[in-house]
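Heads up: the structure comes next, in structure tokens.
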Amino acid sequence: MPQEHRLILKHADQPGYTPDLECYLRHGGYDALKKVLALAPKDLPDGKKMSPQEQVREDVKASGLRGRGGAGFSAGIKWSLVDRRSGKPIYLICNADESEPGTFKDRQIIHKDPHQLIEGMILSCWANDVKLAYLYIRGEMPQGAKLLNKALDEARAKNFLGKNILGSGFDLEIHLHRGAGAYICGEETGLIESLEGKRAYPRIKPPYFPAVLGLYMCPTIVNNVETLCHVKHIVSMGPGEYAKLGTPNNTGTRIVSLSGDVKRPGYFEIEVGKVTIGELINDPAFGGGLRDGRKLKAIIPGGSSSKILKAGETFKLNRKGADGQMTKVEVPLLDLPYDFDSLMGAGTMSGSGAIIVLDDTRDIVEALANLAEFYAHESCGQCTPCREGALWMSKALHRMTHGEGRKADADYLLHIAQNIQGRTICAFGEAAAWPVLSFVKKFKEDFEAKGAADEAKAAAAKH
Amino acid sequence: MTFAVPANLESQLDELVTHYPQKRSASLMLLHALQEHFGYISRDAVEWTARKLGLQPINVYELVTFYPMFRQEPLGKTHIKVCRTLSCALAGSGELRTHFCSKLGLDAHKHAAQTTPDGKFTVEFVECLADCGNAPVVLLNEDLLPKVTPAQADEILTKGKAK
Ligand SMILES: Cc1cc2nc3c(=O)[nH]c(=O)nc-3n(C[C@H](O)[C@H](O)[C@H](O)COP(=O)(O)O)c2cc1C
Ligand code: SF4
Ligand code: FES
């Protein structure tokens, strides 16, 4: 029986568990912080010493933790790329912009267990010699912002933040910063610009890799809310124990946001790769299946920017056999383990961990039109292919969903999308193009039929 | 009427500015606070913020026009943000917004914020509010309402009219 495995959300939904500091402390809160502050330098075989901070950085690398914000990049490697020789301060930013359509996991942490996030941030700052950090929360979470500010005040009052934290000599301040309703603030360099008090125009990489030229042109770490919470558990459990959760290269747990056409939408924390997409949708412990009489049409597996998967598709994935040899095996959609690598193998991504389910009563053209409108609205406007292309796609889809489609629209949409991806400053270009490319390629007959029907109607009206 | 920021608010804002090594960084937080106090961001508020942070007014004005949450005119006392994006659309958020608009005599085809002439309500279609499991979702002033039904929508309107 597939089951949830609650690590991050262990306490969040327990009756009587409240977001205040006292409750967090009663549940072992800030023990991980005390643990690292007591660490001693480690003697290495070559006679050198490894600082406690470096030990924790190595532990995060060894844990296999991958970012939960979207790209699934190794947190330990990200930290190791930080320029520590520049002499400039190192900043850390928690990305709490949660705005990828379909995603509502960071909200659970912020509202129900804010101190867990703050402890994760403090540990991550300590390990990376960060003395000033920011928590960037999207503007449309006013209650979350209040809760976090209260939690930060509580942590300051107990000297978990501030000067000389718990007598360790370590100083750290964390400030909350609110966005104001722009999706592009979730992109890390757009977020940095926004934090500098500017329009959230993403920066071009290279040269503006945050690890080298981030906030105020200083080395900067940007991590997602959930990623930073995992750091606390890696410290508490040790990297070895932590890495036993999940599957190789896809370690730990992950909160999956499930919405759309299922009986029980909601968030479910699973061991990464231990539960399949089919189980997430159909098992009574998770989505509970589709509404009665409905059949699956498609799944958007990792937030609205991920490529759609069509019911009945199968994928060729690399699997390590008992003999250690890699072989290709054919895996049907519903048997895909929900993890980073399997979804990449299926030509899409687990992105922000958000699954949107569409059943057979849904019009696929309408669904894409909805998403295209999102991207047209949210493009920051810096790059012509993205700004114009996202708008053209949305306009074409608006026509198609208002009785003015053409058969050629399917190819027209593909043409535009192909000319956006790879030609823009930030990955929003791909995020806008991928839904269009995948919807139209996989459901081409639906798009063409809709366009042809409109054309036939228009021709008949002329006579 | 002259534009005046009360002393206690100004001292809160001065404290916010100290959160950043560069003053300009505080602009979004200042604009939020001013909007909360005055209801919207006037040209005077833009100029005041620019002076406070040592910027040109255009540096602040371009934020007000870029970030959708900032308003250049007063809004209704009851601000209804209906989520437009896919999961909520699948759960009927389009119909829900039409319901609000038609009851309030607003244009159901306009997505941008619309305020009723009596200044009581603003209705707006916004993008994913990060609570898709509870679709359709409405952000009512600062409160997020899950799984909003037409009956609940009517209740919101009744309460708003009495305000
Ligand atoms: C268009 C766009 C939107 C994004 N939105 C978010 C977001 O809302 N939250 C988030 O954590 N990451 C978001 N990201 C990913 C961030 O750029 C960044 O990779 C992430 O915060 C890194 O954290 P992680 O390594 O812990 O995942 C977005 C990326 C793009 C291209
Ligand atoms: S790709 Fe789009 S969102 Fe990203 S910088 Fe260019 S215009 Fe802005
Ligand atoms: S789609 Fe409405 S809250 Fe996400």
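Every chain in the structure tokens has a letter given in the order shown (A, B, ...), and although residue numbers restart at 1 in each chain, ligands are simply numbered from 1 in the order shown.
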I need the contact residues of chain A against chain B, so if you could list those with any atom within 6 Å, counting only C-alpha atoms, and return them as a ChimeraX atom specification, that would help.
/A:101-104,180-182,195-197,199,259-260,265-266
List every residue of segment 5-161 of chain B that DSSP, applied to the backbone of this structure, assigns to alpha helix (DSSP H), and report them as a PyMOL selection string.
chain B and resi 7-17+27-38+43-53+57-66+86-90+93-104+150-161
Shell around Lys161 of chain B at 10 Å using only C-alpha atoms, local window under 2 positions removed, as a list of chain:residue names
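Those residues are B:Lys77, B:Thr78, B:Asp118, B:Lys120, B:Phe121, B:Glu155, B:Ile156, B:Leu157, B:Thr158, B:Lys159, B:Lys163.
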Kindly export the residues of the current selection with N, CA and C atoms, as a CSV table (one decimal), in the first residue's frame.
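Saved result, again-v2.csv, follows:
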```
chain,number,residue,atom,x,y,z
B,77,LYS,N,-14.1,48.8,-0.7
B,77,LYS,CA,-13.8,48.4,0.6
B,77,LYS,C,-13.7,46.9,0.7
B,78,THR,N,-14.5,46.2,-0.1
B,78,THR,CA,-14.5,44.7,-0.2
B,78,THR,C,-13.8,44.4,-1.5
B,118,ASP,N,-20.3,52.9,-6.2
B,118,ASP,CA,-20.5,53.3,-4.8
B,118,ASP,C,-19.2,53.1,-4.0
B,120,LYS,N,-17.9,50.4,-3.0
B,120,LYS,CA,-18.0,49.3,-2.0
B,120,LYS,C,-17.2,48.1,-2.4
B,121,PHE,N,-17.2,47.8,-3.7
B,121,PHE,CA,-16.6,46.5,-4.2
B,121,PHE,C,-15.6,46.7,-5.3
B,155,GLU,N,-23.2,35.7,0.1
B,155,GLU,CA,-23.0,36.1,1.5
B,155,GLU,C,-21.9,37.2,1.5
B,156,ILE,N,-20.8,37.1,0.7
B,156,ILE,CA,-19.8,38.1,0.6
B,156,ILE,C,-20.4,39.4,0.2
B,157,LEU,N,-21.3,39.3,-0.8
B,157,LEU,CA,-21.9,40.6,-1.3
B,157,LEU,C,-22.8,41.2,-0.2
B,158,THR,N,-23.6,40.4,0.5
B,158,THR,CA,-24.4,41.0,1.5
B,158,THR,C,-23.6,41.7,2.6
B,159,LYS,N,-22.6,41.0,3.0
B,159,LYS,CA,-21.7,41.6,4.1
B,159,LYS,C,-21.1,42.9,3.6
B,163,LYS,N,-21.2,47.2,4.8
B,163,LYS,CA,-19.9,47.8,5.3
B,163,LYS,C,-20.0,49.3,5.2
```
Taking the chain letters and numbering used in this document, name the residues of segment 111-348 of chain A that DSSP puts in strand (DSSP E), as a count of residues only.
56
As a quick test: using only C-alpha atoms and all ligand atoms, which residues lie no more than 12 Å away from ligand 2? Give them as number ranges by chain.
A: 182-191, 193, 199-205, 374-391, 419-433
Mind dumping the selected residues with N, CA and C atoms as a compact mmCIF listing (two decimals), in the first residue's frame?
```txt
# COMPACT_ATOMS: atom_id res chain seq x y z
N ALA A 182 3.75 39.54 -9.14
CA ALA A 182 4.32 39.20 -10.45
C ALA A 182 4.98 37.83 -10.39
N TYR A 183 4.50 36.91 -11.24
CA TYR A 183 5.02 35.53 -11.28
C TYR A 183 6.52 35.50 -11.51
N ILE A 184 7.03 36.43 -12.31
CA ILE A 184 8.44 36.37 -12.69
C ILE A 184 9.36 36.58 -11.50
N CYS A 185 8.82 37.10 -10.39
CA CYS A 185 9.64 37.23 -9.17
C CYS A 185 10.07 35.88 -8.63
N GLY A 186 9.45 34.79 -9.09
CA GLY A 186 9.87 33.46 -8.66
C GLY A 186 11.16 33.03 -9.32
N GLU A 187 11.44 33.57 -10.49
CA GLU A 187 12.71 33.27 -11.18
C GLU A 187 13.80 33.95 -10.38
N GLU A 188 14.86 33.21 -10.06
CA GLU A 188 15.77 33.70 -9.02
C GLU A 188 16.44 35.04 -9.32
N THR A 189 16.78 35.30 -10.57
CA THR A 189 17.44 36.59 -10.84
C THR A 189 16.42 37.72 -10.91
N GLY A 190 15.19 37.41 -11.33
CA GLY A 190 14.11 38.39 -11.27
C GLY A 190 13.83 38.73 -9.82
N LEU A 191 13.83 37.70 -8.99
CA LEU A 191 13.62 37.89 -7.55
C LEU A 191 14.68 38.82 -6.97
N GLU A 193 16.46 41.13 -8.53
CA GLU A 193 16.20 42.51 -8.99
C GLU A 193 15.08 43.12 -8.16
N ARG A 199 12.13 46.67 -11.05
CA ARG A 199 11.24 45.76 -11.74
C ARG A 199 11.92 44.38 -11.77
N ALA A 200 11.12 43.33 -11.73
CA ALA A 200 11.69 41.97 -11.65
C ALA A 200 12.12 41.50 -13.03
N TYR A 201 13.06 42.20 -13.63
CA TYR A 201 13.58 41.77 -14.93
C TYR A 201 14.71 40.77 -14.71
N PRO A 202 14.52 39.52 -15.11
CA PRO A 202 15.59 38.54 -14.93
C PRO A 202 16.90 38.99 -15.59
N ARG A 203 17.99 38.53 -14.98
CA ARG A 203 19.32 38.87 -15.50
C ARG A 203 19.82 37.74 -16.39
N ILE A 204 20.68 38.11 -17.30
CA ILE A 204 21.18 37.09 -18.23
C ILE A 204 22.32 36.30 -17.58
N LYS A 205 22.28 34.96 -17.81
CA LYS A 205 23.34 34.08 -17.29
C LYS A 205 24.04 33.44 -18.48
N PHE A 374 -2.19 32.91 -18.92
CA PHE A 374 -1.31 33.13 -17.77
C PHE A 374 0.06 33.63 -18.22
N TYR A 375 0.67 32.91 -19.19
CA TYR A 375 2.03 33.29 -19.60
C TYR A 375 2.04 34.64 -20.32
N ALA A 376 0.98 34.92 -21.10
CA ALA A 376 0.92 36.21 -21.78
C ALA A 376 0.86 37.34 -20.74
N HIS A 377 0.13 37.09 -19.67
CA HIS A 377 -0.01 38.10 -18.63
C HIS A 377 1.27 38.29 -17.83
N GLU A 378 2.03 37.21 -17.65
CA GLU A 378 3.15 37.24 -16.70
C GLU A 378 4.51 37.48 -17.33
N SER A 379 4.63 37.46 -18.66
CA SER A 379 5.93 37.75 -19.28
C SER A 379 6.39 39.12 -18.80
N CYS A 380 7.67 39.22 -18.43
CA CYS A 380 8.14 40.51 -17.92
C CYS A 380 8.34 41.51 -19.04
N GLY A 381 8.44 41.02 -20.27
CA GLY A 381 8.48 41.92 -21.41
C GLY A 381 9.86 42.31 -21.91
N GLN A 382 10.92 41.76 -21.31
CA GLN A 382 12.26 42.15 -21.75
C GLN A 382 12.64 41.59 -23.11
N CYS A 383 12.27 40.32 -23.37
CA CYS A 383 12.73 39.67 -24.61
C CYS A 383 11.57 39.64 -25.60
N THR A 384 11.85 40.05 -26.83
CA THR A 384 10.79 40.10 -27.83
C THR A 384 10.13 38.73 -28.08
N PRO A 385 10.90 37.65 -28.24
CA PRO A 385 10.22 36.37 -28.53
C PRO A 385 9.23 35.98 -27.43
N CYS A 386 9.60 36.23 -26.19
CA CYS A 386 8.72 35.85 -25.08
C CYS A 386 7.54 36.80 -24.99
N ARG A 387 7.82 38.10 -24.99
CA ARG A 387 6.75 39.10 -24.82
C ARG A 387 5.71 38.98 -25.93
N GLU A 388 6.19 38.96 -27.20
CA GLU A 388 5.26 38.91 -28.33
C GLU A 388 4.71 37.51 -28.52
N GLY A 389 5.60 36.51 -28.43
CA GLY A 389 5.19 35.13 -28.69
C GLY A 389 4.13 34.66 -27.72
N ALA A 390 4.32 34.96 -26.44
CA ALA A 390 3.35 34.51 -25.44
C ALA A 390 1.99 35.15 -25.73
N LEU A 391 2.01 36.39 -26.16
CA LEU A 391 0.76 37.10 -26.47
C LEU A 391 0.11 36.53 -27.73
N ASN A 419 9.92 29.10 -31.71
CA ASN A 419 10.76 30.28 -31.86
C ASN A 419 10.94 31.07 -30.57
N ILE A 420 10.30 30.62 -29.50
CA ILE A 420 10.55 31.26 -28.20
C ILE A 420 11.64 30.50 -27.47
N GLN A 421 11.48 29.19 -27.37
CA GLN A 421 12.38 28.43 -26.51
C GLN A 421 13.83 28.56 -26.99
N GLY A 422 14.71 28.78 -26.01
CA GLY A 422 16.13 28.91 -26.32
C GLY A 422 16.53 30.29 -26.78
N ARG A 423 15.59 31.19 -26.92
CA ARG A 423 15.94 32.52 -27.45
C ARG A 423 15.63 33.64 -26.45
N THR A 424 15.62 33.31 -25.17
CA THR A 424 15.21 34.32 -24.20
C THR A 424 16.22 34.43 -23.05
N ILE A 425 16.08 35.47 -22.27
CA ILE A 425 16.99 35.71 -21.15
C ILE A 425 16.78 34.66 -20.06
N CYS A 426 15.53 34.35 -19.76
CA CYS A 426 15.32 33.42 -18.65
C CYS A 426 14.46 32.24 -19.08
N ALA A 427 14.30 31.28 -18.18
CA ALA A 427 13.60 30.04 -18.49
C ALA A 427 12.09 30.21 -18.58
N PHE A 428 11.61 31.42 -18.35
CA PHE A 428 10.18 31.67 -18.56
C PHE A 428 9.83 31.39 -20.02
N GLY A 429 10.77 31.67 -20.92
CA GLY A 429 10.53 31.40 -22.34
C GLY A 429 10.15 29.94 -22.56
N GLU A 430 10.92 29.04 -21.97
CA GLU A 430 10.61 27.61 -22.07
C GLU A 430 9.30 27.31 -21.35
N ALA A 431 9.13 27.92 -20.19
CA ALA A 431 7.92 27.67 -19.40
C ALA A 431 6.67 28.03 -20.19
N ALA A 432 6.76 29.06 -21.01
CA ALA A 432 5.61 29.46 -21.82
C ALA A 432 5.48 28.58 -23.06
N ALA A 433 6.60 28.14 -23.59
CA ALA A 433 6.57 27.36 -24.84
C ALA A 433 6.21 25.90 -24.62
```
List the spatial neighbours of Ile364 of chain A as a list in words - criterion: any atom at most 9 Å away, only C-alpha atoms, same-chain residues fewer than 4 positions off excluded.
Lys297, Ala298, Leu358, Leu368, Ala369, Phe439, Phe443, Asp446 and Phe447 of chain A
Please, could you write that set of residues out with all heavy atoms as an mmCIF file, in the first residue's frame?
```cif
data_model
loop_
_atom_site.group_PDB
_atom_site.id
_atom_site.type_symbol
_atom_site.label_atom_id
_atom_site.label_comp_id
_atom_site.auth_asym_id
_atom_site.auth_seq_id
_atom_site.Cartn_x
_atom_site.Cartn_y
_atom_site.Cartn_z
ATOM 1 N N LYS A 297 -7.770 11.966 -19.092
ATOM 2 C CA LYS A 297 -7.392 12.493 -20.404
ATOM 3 C C LYS A 297 -5.903 12.842 -20.429
ATOM 4 O O LYS A 297 -5.184 12.434 -21.331
ATOM 5 C CB LYS A 297 -8.196 13.752 -20.716
ATOM 6 C CG LYS A 297 -7.884 14.364 -22.067
ATOM 7 C CD LYS A 297 -9.023 15.269 -22.496
ATOM 8 C CE LYS A 297 -9.030 15.538 -23.975
ATOM 9 N NZ LYS A 297 -10.400 15.838 -24.432
ATOM 10 N N ALA A 298 -5.448 13.546 -19.434
ATOM 11 C CA ALA A 298 -4.049 13.966 -19.421
ATOM 12 C C ALA A 298 -3.643 14.441 -18.038
ATOM 13 O O ALA A 298 -4.496 14.711 -17.195
ATOM 14 C CB ALA A 298 -3.836 15.087 -20.426
ATOM 15 N N LEU A 358 -6.535 16.220 -15.722
ATOM 16 C CA LEU A 358 -7.641 16.573 -16.619
ATOM 17 C C LEU A 358 -8.393 15.309 -16.997
ATOM 18 O O LEU A 358 -7.784 14.321 -17.426
ATOM 19 C CB LEU A 358 -7.104 17.233 -17.891
ATOM 20 C CG LEU A 358 -6.354 18.559 -17.723
ATOM 21 C CD1 LEU A 358 -5.713 18.983 -19.036
ATOM 22 C CD2 LEU A 358 -7.277 19.649 -17.202
ATOM 23 N N LEU A 368 -5.443 24.686 -22.596
ATOM 24 C CA LEU A 368 -4.214 25.367 -23.028
ATOM 25 C C LEU A 368 -4.442 26.872 -23.127
ATOM 26 O O LEU A 368 -3.557 27.659 -22.779
ATOM 27 C CB LEU A 368 -3.720 24.805 -24.370
ATOM 28 C CG LEU A 368 -2.407 25.424 -24.852
ATOM 29 C CD1 LEU A 368 -1.269 25.176 -23.866
ATOM 30 C CD2 LEU A 368 -2.017 24.882 -26.233
ATOM 31 N N ALA A 369 -5.622 27.255 -23.585
ATOM 32 C CA ALA A 369 -5.919 28.695 -23.689
ATOM 33 C C ALA A 369 -5.803 29.350 -22.312
ATOM 34 O O ALA A 369 -5.285 30.459 -22.178
ATOM 35 C CB ALA A 369 -7.317 28.904 -24.263
ATOM 36 N N PHE A 439 1.043 20.193 -25.548
ATOM 37 C CA PHE A 439 -0.410 20.055 -25.748
ATOM 38 C C PHE A 439 -0.694 19.847 -27.243
ATOM 39 O O PHE A 439 -1.432 18.941 -27.627
ATOM 40 C CB PHE A 439 -1.161 21.329 -25.309
ATOM 41 C CG PHE A 439 -1.557 21.403 -23.854
ATOM 42 C CD1 PHE A 439 -0.613 21.496 -22.851
ATOM 43 C CD2 PHE A 439 -2.902 21.432 -23.475
ATOM 44 C CE1 PHE A 439 -0.987 21.611 -21.515
ATOM 45 C CE2 PHE A 439 -3.289 21.536 -22.147
ATOM 46 C CZ PHE A 439 -2.324 21.631 -21.171
ATOM 47 N N PHE A 443 -2.006 16.360 -28.756
ATOM 48 C CA PHE A 443 -3.459 16.385 -29.018
ATOM 49 C C PHE A 443 -3.732 17.102 -30.335
ATOM 50 O O PHE A 443 -4.712 17.826 -30.458
ATOM 51 C CB PHE A 443 -4.195 17.091 -27.873
ATOM 52 C CG PHE A 443 -4.172 16.322 -26.578
ATOM 53 C CD1 PHE A 443 -3.167 16.547 -25.643
ATOM 54 C CD2 PHE A 443 -5.133 15.360 -26.294
ATOM 55 C CE1 PHE A 443 -3.129 15.838 -24.451
ATOM 56 C CE2 PHE A 443 -5.106 14.652 -25.107
ATOM 57 C CZ PHE A 443 -4.094 14.883 -24.177
ATOM 58 N N ASP A 446 -7.208 17.097 -31.863
ATOM 59 C CA ASP A 446 -8.210 17.943 -31.200
ATOM 60 C C ASP A 446 -8.107 19.395 -31.675
ATOM 61 O O ASP A 446 -9.111 20.058 -31.912
ATOM 62 C CB ASP A 446 -8.036 17.935 -29.677
ATOM 63 C CG ASP A 446 -8.249 16.567 -29.061
ATOM 64 O OD1 ASP A 446 -7.738 15.585 -29.648
ATOM 65 O OD2 ASP A 446 -8.905 16.463 -28.017
ATOM 66 N N PHE A 447 -6.859 19.869 -31.761
ATOM 67 C CA PHE A 447 -6.659 21.262 -32.179
ATOM 68 C C PHE A 447 -7.101 21.452 -33.623
ATOM 69 O O PHE A 447 -7.784 22.418 -33.964
ATOM 70 C CB PHE A 447 -5.192 21.665 -32.004
ATOM 71 C CG PHE A 447 -4.834 21.955 -30.574
ATOM 72 C CD1 PHE A 447 -4.512 20.923 -29.692
ATOM 73 C CD2 PHE A 447 -4.838 23.248 -30.096
ATOM 74 C CE1 PHE A 447 -4.201 21.182 -28.372
ATOM 75 C CE2 PHE A 447 -4.526 23.528 -28.780
ATOM 76 C CZ PHE A 447 -4.210 22.485 -27.908
#
```
At a cut-off of 6 Å around ligand 1, and using only C-alpha atoms and all ligand atoms, what residues come up? Please write them as a JSON list (two decimals) with N, CA, C and O atoms, in the first residue's frame.
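File selection_36.json, as written:
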```
[["chain", "number", "residue", "atom", "x", "y", "z"],
["A", 67, "GLY", "N", 16.84, 20.55, -5.28],
["A", 67, "GLY", "CA", 15.98, 21.71, -5.06],
["A", 67, "GLY", "C", 14.52, 21.39, -5.35],
["A", 67, "GLY", "O", 14.19, 20.74, -6.33],
["A", 68, "ARG", "N", 13.64, 21.87, -4.48],
["A", 68, "ARG", "CA", 12.21, 21.60, -4.63],
["A", 68, "ARG", "C", 11.47, 22.75, -5.31],
["A", 68, "ARG", "O", 10.25, 22.74, -5.39],
["A", 69, "GLY", "N", 12.21, 23.76, -5.78],
["A", 69, "GLY", "CA", 11.56, 24.93, -6.37],
["A", 69, "GLY", "C", 11.16, 24.75, -7.82],
["A", 69, "GLY", "O", 10.22, 25.37, -8.30],
["A", 70, "GLY", "N", 11.87, 23.90, -8.54],
["A", 70, "GLY", "CA", 11.50, 23.72, -9.93],
["A", 70, "GLY", "C", 12.53, 22.95, -10.75],
["A", 70, "GLY", "O", 12.20, 22.00, -11.44],
["A", 71, "ALA", "N", 13.79, 23.34, -10.63],
["A", 71, "ALA", "CA", 14.80, 22.75, -11.51],
["A", 71, "ALA", "C", 15.38, 21.45, -10.97],
["A", 71, "ALA", "O", 15.98, 20.69, -11.71],
["A", 72, "GLY", "N", 15.22, 21.18, -9.69],
["A", 72, "GLY", "CA", 15.72, 19.92, -9.13],
["A", 72, "GLY", "C", 17.24, 19.85, -9.11],
["A", 72, "GLY", "O", 17.83, 18.77, -9.15],
["A", 73, "PHE", "N", 17.89, 21.00, -9.00],
["A", 73, "PHE", "CA", 19.35, 21.04, -8.98],
["A", 73, "PHE", "C", 19.85, 20.69, -7.58],
["A", 73, "PHE", "O", 19.24, 21.06, -6.58],
["A", 75, "ALA", "N", 21.25, 20.75, -4.13],
["A", 75, "ALA", "CA", 21.45, 21.88, -3.21],
["A", 75, "ALA", "C", 22.91, 21.94, -2.78],
["A", 75, "ALA", "O", 23.49, 23.03, -2.70],
["A", 95, "ASN", "N", 13.26, 31.53, -1.40],
["A", 95, "ASN", "CA", 12.26, 31.80, -2.43],
["A", 95, "ASN", "C", 10.90, 31.28, -1.96],
["A", 95, "ASN", "O", 10.62, 30.08, -2.02],
["A", 96, "ALA", "N", 10.08, 32.19, -1.45],
["A", 96, "ALA", "CA", 8.72, 31.84, -1.02],
["A", 96, "ALA", "C", 7.73, 32.57, -1.91],
["A", 96, "ALA", "O", 6.72, 33.08, -1.45],
["A", 97, "ASP", "N", 8.07, 32.61, -3.20],
["A", 97, "ASP", "CA", 7.20, 33.32, -4.13],
["A", 97, "ASP", "C", 6.06, 32.42, -4.62],
["A", 97, "ASP", "O", 5.17, 32.87, -5.34],
["A", 98, "GLU", "N", 6.11, 31.17, -4.25],
["A", 98, "GLU", "CA", 5.16, 30.14, -4.71],
["A", 98, "GLU", "C", 4.07, 30.65, -5.66],
["A", 98, "GLU", "O", 3.00, 31.07, -5.22],
["A", 99, "SER", "N", 4.36, 30.61, -6.95],
["A", 99, "SER", "CA", 3.33, 31.06, -7.89],
["A", 99, "SER", "C", 3.23, 30.22, -9.15],
["A", 99, "SER", "O", 2.53, 30.60, -10.09],
["A", 100, "GLU", "N", 3.91, 29.09, -9.20],
["A", 100, "GLU", "CA", 3.76, 28.20, -10.36],
["A", 100, "GLU", "C", 2.36, 27.58, -10.29],
["A", 100, "GLU", "O", 2.03, 26.90, -9.32],
["A", 184, "ILE", "N", 7.03, 36.43, -12.31],
["A", 184, "ILE", "CA", 8.44, 36.37, -12.69],
["A", 184, "ILE", "C", 9.36, 36.58, -11.50],
["A", 184, "ILE", "O", 10.54, 36.25, -11.55],
["A", 186, "GLY", "N", 9.45, 34.79, -9.09],
["A", 186, "GLY", "CA", 9.87, 33.46, -8.66],
["A", 186, "GLY", "C", 11.16, 33.03, -9.32],
["A", 186, "GLY", "O", 11.90, 32.20, -8.79],
["A", 187, "GLU", "N", 11.44, 33.57, -10.49],
["A", 187, "GLU", "CA", 12.71, 33.27, -11.18],
["A", 187, "GLU", "C", 13.80, 33.95, -10.38],
["A", 187, "GLU", "O", 13.71, 35.14, -10.08],
["A", 188, "GLU", "N", 14.86, 33.21, -10.06],
["A", 188, "GLU", "CA", 15.77, 33.70, -9.02],
["A", 188, "GLU", "C", 16.44, 35.04, -9.32],
["A", 188, "GLU", "O", 16.64, 35.85, -8.41],
["A", 222, "VAL", "N", 20.05, 31.12, -3.60],
["A", 222, "VAL", "CA", 18.58, 31.18, -3.63],
["A", 222, "VAL", "C", 18.07, 29.75, -3.53],
["A", 222, "VAL", "O", 18.41, 28.91, -4.35],
["A", 223, "ASN", "N", 17.29, 29.48, -2.50],
["A", 223, "ASN", "CA", 16.68, 28.16, -2.35],
["A", 223, "ASN", "C", 15.20, 28.29, -2.04],
["A", 223, "ASN", "O", 14.77, 29.25, -1.40],
["A", 224, "ASN", "N", 14.48, 27.28, -2.45],
["A", 224, "ASN", "CA", 13.04, 27.21, -2.21],
["A", 224, "ASN", "C", 12.74, 26.92, -0.72],
["A", 224, "ASN", "O", 13.57, 26.34, -0.01],
["A", 227, "THR", "N", 13.07, 23.19, 0.16],
["A", 227, "THR", "CA", 14.48, 22.79, 0.14],
["A", 227, "THR", "C", 15.14, 23.14, 1.47],
["A", 227, "THR", "O", 15.85, 22.33, 2.07],
["A", 427, "ALA", "N", 14.30, 31.28, -18.18],
["A", 427, "ALA", "CA", 13.60, 30.04, -18.49],
["A", 427, "ALA", "C", 12.09, 30.21, -18.58],
["A", 427, "ALA", "O", 11.38, 29.26, -18.90],
["A", 428, "PHE", "N", 11.61, 31.42, -18.35],
["A", 428, "PHE", "CA", 10.18, 31.67, -18.56],
["A", 428, "PHE", "C", 9.83, 31.39, -20.02],
["A", 428, "PHE", "O", 8.72, 30.93, -20.32]]
```
Among the residues B:Ala108, B:Leu96, B:Cys83, B:Ala153, the one that comes closest to ligand 3 [using only C-alpha atoms and all ligand atoms]:
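Residue with the minimum atom-to-atom distance to ligand 3: B:Cys83.
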Would you kindly return, as a PDB file with N, CA, C and O atoms, in the first residue's frame, each protein, DNA or RNA residue with an atom no farther than 7 Å from any atom of Val256 of chain A, considering only C-alpha atoms and excluding same-chain residues fewer than 3 positions away?
```pdb
ATOM      1  N   TYR A 267      -2.530  18.111  -0.732  1.00  0.00           N
ATOM      2  CA  TYR A 267      -1.073  17.966  -0.733  1.00  0.00           C
ATOM      3  C   TYR A 267      -0.710  16.681  -0.025  1.00  0.00           C
ATOM      4  O   TYR A 267      -1.342  16.294   0.955  1.00  0.00           O
ATOM      5  N   PHE A 268       0.286  16.004  -0.552  1.00  0.00           N
ATOM      6  CA  PHE A 268       0.691  14.708  -0.023  1.00  0.00           C
ATOM      7  C   PHE A 268       2.202  14.651   0.014  1.00  0.00           C
ATOM      8  O   PHE A 268       2.845  14.902  -0.995  1.00  0.00           O
ATOM      9  N   GLU A 269       2.753  14.350   1.176  1.00  0.00           N
ATOM     10  CA  GLU A 269       4.214  14.234   1.239  1.00  0.00           C
ATOM     11  C   GLU A 269       4.587  12.774   1.035  1.00  0.00           C
ATOM     12  O   GLU A 269       4.109  11.891   1.748  1.00  0.00           O
ATOM     13  N   GLY A 353       6.545  20.016  -8.316  1.00  0.00           N
ATOM     14  CA  GLY A 353       5.849  18.944  -7.609  1.00  0.00           C
ATOM     15  C   GLY A 353       4.341  19.071  -7.632  1.00  0.00           C
ATOM     16  O   GLY A 353       3.655  18.596  -6.736  1.00  0.00           O
ATOM     17  N   ALA A 354       3.819  19.724  -8.679  1.00  0.00           N
ATOM     18  CA  ALA A 354       2.380  19.977  -8.735  1.00  0.00           C
ATOM     19  C   ALA A 354       1.744  19.222  -9.897  1.00  0.00           C
ATOM     20  O   ALA A 354       2.116  19.425 -11.042  1.00  0.00           O
TER      21      ALA A 354
END
```
Please provide as JSON, numbers by chain all residues within 9 Å of segment 111-121 of chain A, with the sequence filter that same-chain residues fewer than 6 positions apart are discarded (counting only C-alpha atoms).
{"A": [8, 9, 11, 12, 13, 17, 18, 19, 20, 21, 24, 29, 30, 32, 33, 92, 93, 94, 133, 135, 143, 144, 147, 148, 151, 152, 155, 160, 174, 225, 226, 227, 228, 229, 230, 231, 232, 233]}
Neighbouring residues of Thr220 of chain A were defined as those with any atom within 8 Å, considering only C-alpha atoms; residues of the same chain fewer than 5 positions away were excluded. Please report them as a compact mmCIF listing (two decimals) with C-alpha atoms, in the first residue's frame.
```txt
# COMPACT_ATOMS: atom_id res chain seq x y z
CA VAL A 82 29.29 30.02 -4.10
CA ILE A 90 27.40 36.11 0.98
CA TYR A 91 23.61 36.44 0.97
CA LEU A 92 20.92 33.80 1.21
CA ILE A 93 17.40 34.24 -0.09
CA PRO A 210 23.64 34.28 -8.31
CA ALA A 211 26.41 32.18 -6.76
CA VAL A 212 28.89 34.76 -8.04
CA LEU A 213 27.01 37.95 -8.98
CA GLY A 214 23.72 37.87 -7.12
CA LEU A 215 22.13 40.32 -4.70
```
